[in-house]
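A quick write-up on the structure given underneath.
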Amino acid sequence: LLFLSSSINPPCHSTIPQDRSRILCTLPTPSTSRRSFLIHAVPLIPILFSTLTSPDPAYSSTFETMEALSGKDYGKIRTQYPDFTSTSSGLQYKDIRLGSGDNTAEIGDRVVIDWSGYTIGYYGRIFEARNKAQGGAFTGEDKDFYRFIVGSGSVIDGLDEGIQGMKVGGVRQIIVPPEIGYLNPKNDPKHKMKGPNPSTFSGQRALDFVLGNQGMIDKTLLFNIELKRIDKNYK
């Protein structure tokens with residue numbers, strides 16, 4: 001409705017579905033008189049309002065999950081990142097470097113990884129650095145690699161899914177929406193139930209600030225994963 005009071009035509013934004021773009025873009029040009037503008041624009045108000053407040057299910061399903069907007073039919077549109085492959089769970093991944101060898105990580109294998117994590121939906125703040133602990137570590141020593149059994153449920157679902165198919169030496173970026181990410185810090189304060197847990201206090205604090213926030217914060221996370229080792233059918 002803001003567009004109706006402006007003398008500038010609204011842009012046909014790419015995130016607006018095609019049927020909505022036609023409605024928004026039918027407003028008069030800047031050269032149209034105010035009287036003519038009102039004559040043309042006023043009949044469009046009910047159509048514009050009903051269209052914007054009653055989005056199609058397919059359109060609203062792309063909104064990011066935020067507690068403050070729970071049950072609403074509007075919000076932040078979920079980003080589809082270029083060159084990333086999407087899965088049915090909402091995970092997006094991209095191979096930065098392909099590994100080598102005959103073995104790929106599968107359910108039941110124990111894997112050893114180096115990883116970093118970022119709150120990509122909230123200022124891109126780092127909560128874990130690869131190779132060396134940063135942002136609050138007192139020793140400055142290299143951290144231990146992270147180990148887990150694929151499919152055991154010991155890590156977040158996004159990592160369990162995102163590691164599969166990788167070969168040793170491979171590097172993969174995975175974008176994890178909140179539905180397949182960490183548990184709320186109230187239920188898993190140290191991320192022991194669902195890892196990986198940050199190795200520094202400041203990393204833990206940065207992650208928990210986002211995960212525990214009940215406002216309009218996008219809790220999407222980015223992980224950089226380097227696969228160091230695969231132990232097949234580990235028992």
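A note on labels: chains of the structure tokens are A, B, ... as shown, every chain counts residues from 1, and ligands are counted from 1 in their shown order.
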Exercise for the section: Do a neighbour search on Pro196 in chain A at 12 Å with only C-alpha atoms, toss out local chain neighbours closer than 4 positions, and write the hits as a ChimeraX atom specification. Expected result: /A:112-117,127-128,144-148,153-160,181-183,188,190-192,203-204,207,223,225
Exercise for the section: Find, counting only C-alpha atoms, the residue in A:Lys232, A:Thr87, A:Val176, A:Pro185 that gets nearest to Thr119 in chain A. Expected result: A:Val176
As a compact mmCIF listing (two decimals) with C-alpha atoms, in the first residue's frame, please: the residues near Arg229 in chain A (cut-off 9 Å, only C-alpha atoms, same-chain neighbours under 4 positions excluded).
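Printed below is part_32.txt as written:
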```
# COMPACT_ATOMS: atom_id res chain seq x y z
CA ARG A 110 32.88 -43.26 11.99
CA VAL A 111 34.21 -40.04 10.49
CA VAL A 112 36.85 -37.58 11.62
CA ILE A 113 36.34 -33.98 10.52
CA LYS A 167 35.48 -38.74 0.41
CA VAL A 168 38.60 -38.28 2.53
CA GLY A 169 40.24 -34.93 1.82
```
Tell me which protein, DNA and RNA residues are within 9 Å of Ala206 in chain A, counting only C-alpha atoms, leaving out same-chain ones fewer than 4 positions away, and put them as a PDB file with all heavy atoms, in the first residue's frame.
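Output saved as result.pdb:
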```
ATOM      1  N   THR A 119      27.061 -18.189  11.971  1.00  0.00           N
ATOM      2  CA  THR A 119      25.640 -17.844  12.021  1.00  0.00           C
ATOM      3  C   THR A 119      25.315 -17.037  10.765  1.00  0.00           C
ATOM      4  O   THR A 119      25.118 -15.827  10.817  1.00  0.00           O
ATOM      5  CB  THR A 119      25.310 -17.031  13.287  1.00  0.00           C
ATOM      6  OG1 THR A 119      26.073 -15.812  13.277  1.00  0.00           O
ATOM      7  CG2 THR A 119      25.643 -17.824  14.541  1.00  0.00           C
ATOM      8  N   ARG A 125      28.450 -14.430  12.057  1.00  0.00           N
ATOM      9  CA  ARG A 125      29.412 -14.508  13.160  1.00  0.00           C
ATOM     10  C   ARG A 125      29.959 -15.931  13.299  1.00  0.00           C
ATOM     11  O   ARG A 125      29.217 -16.904  13.256  1.00  0.00           O
ATOM     12  CB  ARG A 125      28.747 -14.066  14.461  1.00  0.00           C
ATOM     13  CG  ARG A 125      28.417 -12.581  14.463  1.00  0.00           C
ATOM     14  CD  ARG A 125      27.684 -12.153  15.710  1.00  0.00           C
ATOM     15  NE  ARG A 125      27.454 -10.705  15.725  1.00  0.00           N
ATOM     16  CZ  ARG A 125      26.704 -10.079  16.611  1.00  0.00           C
ATOM     17  NH1 ARG A 125      26.117 -10.766  17.575  1.00  0.00           N
ATOM     18  NH2 ARG A 125      26.546  -8.768  16.555  1.00  0.00           N
ATOM     19  N   ILE A 126      31.242 -16.015  13.492  1.00  0.00           N
ATOM     20  CA  ILE A 126      31.887 -17.325  13.615  1.00  0.00           C
ATOM     21  C   ILE A 126      31.699 -17.871  15.034  1.00  0.00           C
ATOM     22  O   ILE A 126      31.838 -17.143  16.011  1.00  0.00           O
ATOM     23  CB  ILE A 126      33.388 -17.227  13.261  1.00  0.00           C
ATOM     24  CG1 ILE A 126      34.019 -18.611  13.223  1.00  0.00           C
ATOM     25  CG2 ILE A 126      34.131 -16.301  14.215  1.00  0.00           C
ATOM     26  CD1 ILE A 126      35.414 -18.614  12.630  1.00  0.00           C
ATOM     27  N   PHE A 127      31.334 -19.134  15.125  1.00  0.00           N
ATOM     28  CA  PHE A 127      31.255 -19.762  16.447  1.00  0.00           C
ATOM     29  C   PHE A 127      32.196 -20.952  16.565  1.00  0.00           C
ATOM     30  O   PHE A 127      32.326 -21.550  17.623  1.00  0.00           O
ATOM     31  CB  PHE A 127      29.818 -20.168  16.798  1.00  0.00           C
ATOM     32  CG  PHE A 127      29.167 -21.146  15.860  1.00  0.00           C
ATOM     33  CD1 PHE A 127      29.279 -22.511  16.065  1.00  0.00           C
ATOM     34  CD2 PHE A 127      28.404 -20.699  14.790  1.00  0.00           C
ATOM     35  CE1 PHE A 127      28.673 -23.423  15.215  1.00  0.00           C
ATOM     36  CE2 PHE A 127      27.781 -21.590  13.936  1.00  0.00           C
ATOM     37  CZ  PHE A 127      27.916 -22.958  14.147  1.00  0.00           C
ATOM     38  N   PHE A 201      34.570 -20.619  24.741  1.00  0.00           N
ATOM     39  CA  PHE A 201      33.462 -19.993  25.446  1.00  0.00           C
ATOM     40  C   PHE A 201      32.773 -18.955  24.571  1.00  0.00           C
ATOM     41  O   PHE A 201      31.537 -18.869  24.525  1.00  0.00           O
ATOM     42  CB  PHE A 201      33.981 -19.337  26.735  1.00  0.00           C
ATOM     43  CG  PHE A 201      32.942 -18.495  27.427  1.00  0.00           C
ATOM     44  CD1 PHE A 201      31.928 -19.083  28.160  1.00  0.00           C
ATOM     45  CD2 PHE A 201      32.989 -17.106  27.341  1.00  0.00           C
ATOM     46  CE1 PHE A 201      30.956 -18.303  28.790  1.00  0.00           C
ATOM     47  CE2 PHE A 201      32.040 -16.329  27.972  1.00  0.00           C
ATOM     48  CZ  PHE A 201      31.013 -16.929  28.693  1.00  0.00           C
ATOM     49  N   SER A 202      33.566 -18.147  23.869  1.00  0.00           N
ATOM     50  CA  SER A 202      32.973 -17.099  23.039  1.00  0.00           C
ATOM     51  C   SER A 202      32.205 -17.696  21.860  1.00  0.00           C
ATOM     52  O   SER A 202      31.174 -17.162  21.438  1.00  0.00           O
ATOM     53  CB  SER A 202      34.052 -16.132  22.527  1.00  0.00           C
ATOM     54  OG  SER A 202      35.012 -16.815  21.756  1.00  0.00           O
ATOM     55  N   VAL A 210      22.089 -16.799  19.234  1.00  0.00           N
ATOM     56  CA  VAL A 210      21.202 -16.963  18.080  1.00  0.00           C
ATOM     57  C   VAL A 210      20.167 -18.053  18.334  1.00  0.00           C
ATOM     58  O   VAL A 210      18.973 -17.869  18.116  1.00  0.00           O
ATOM     59  CB  VAL A 210      22.022 -17.274  16.809  1.00  0.00           C
ATOM     60  CG1 VAL A 210      21.107 -17.650  15.650  1.00  0.00           C
ATOM     61  CG2 VAL A 210      22.883 -16.080  16.434  1.00  0.00           C
ATOM     62  N   LEU A 211      20.614 -19.210  18.826  1.00  0.00           N
ATOM     63  CA  LEU A 211      19.703 -20.337  19.010  1.00  0.00           C
ATOM     64  C   LEU A 211      18.628 -20.057  20.052  1.00  0.00           C
ATOM     65  O   LEU A 211      17.479 -20.493  19.905  1.00  0.00           O
ATOM     66  CB  LEU A 211      20.493 -21.582  19.418  1.00  0.00           C
ATOM     67  CG  LEU A 211      21.509 -22.121  18.413  1.00  0.00           C
ATOM     68  CD1 LEU A 211      22.199 -23.353  18.985  1.00  0.00           C
ATOM     69  CD2 LEU A 211      20.855 -22.445  17.080  1.00  0.00           C
TER      70      LEU A 211
END
```
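Minimum distance to Leu98 in chain A across A:Pro82, A:Gly124, A:Gly151, A:Gly170 (counting only C-alpha atoms) occurs at A:Gly170.
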Exercise for the section: Rank nothing, just name the residue among A:Thr220, A:Gln92, A:Gln173, A:Asn233 nearest to Asp109 in chain A, using only C-alpha atoms. Expected result: A:Asn233
Handout entry: Option closest in space to Val150 in chain A, from A:Ile174, A:Leu221, A:Met166, A:Ile77 [counting only C-alpha atoms]
Key = A:Met166
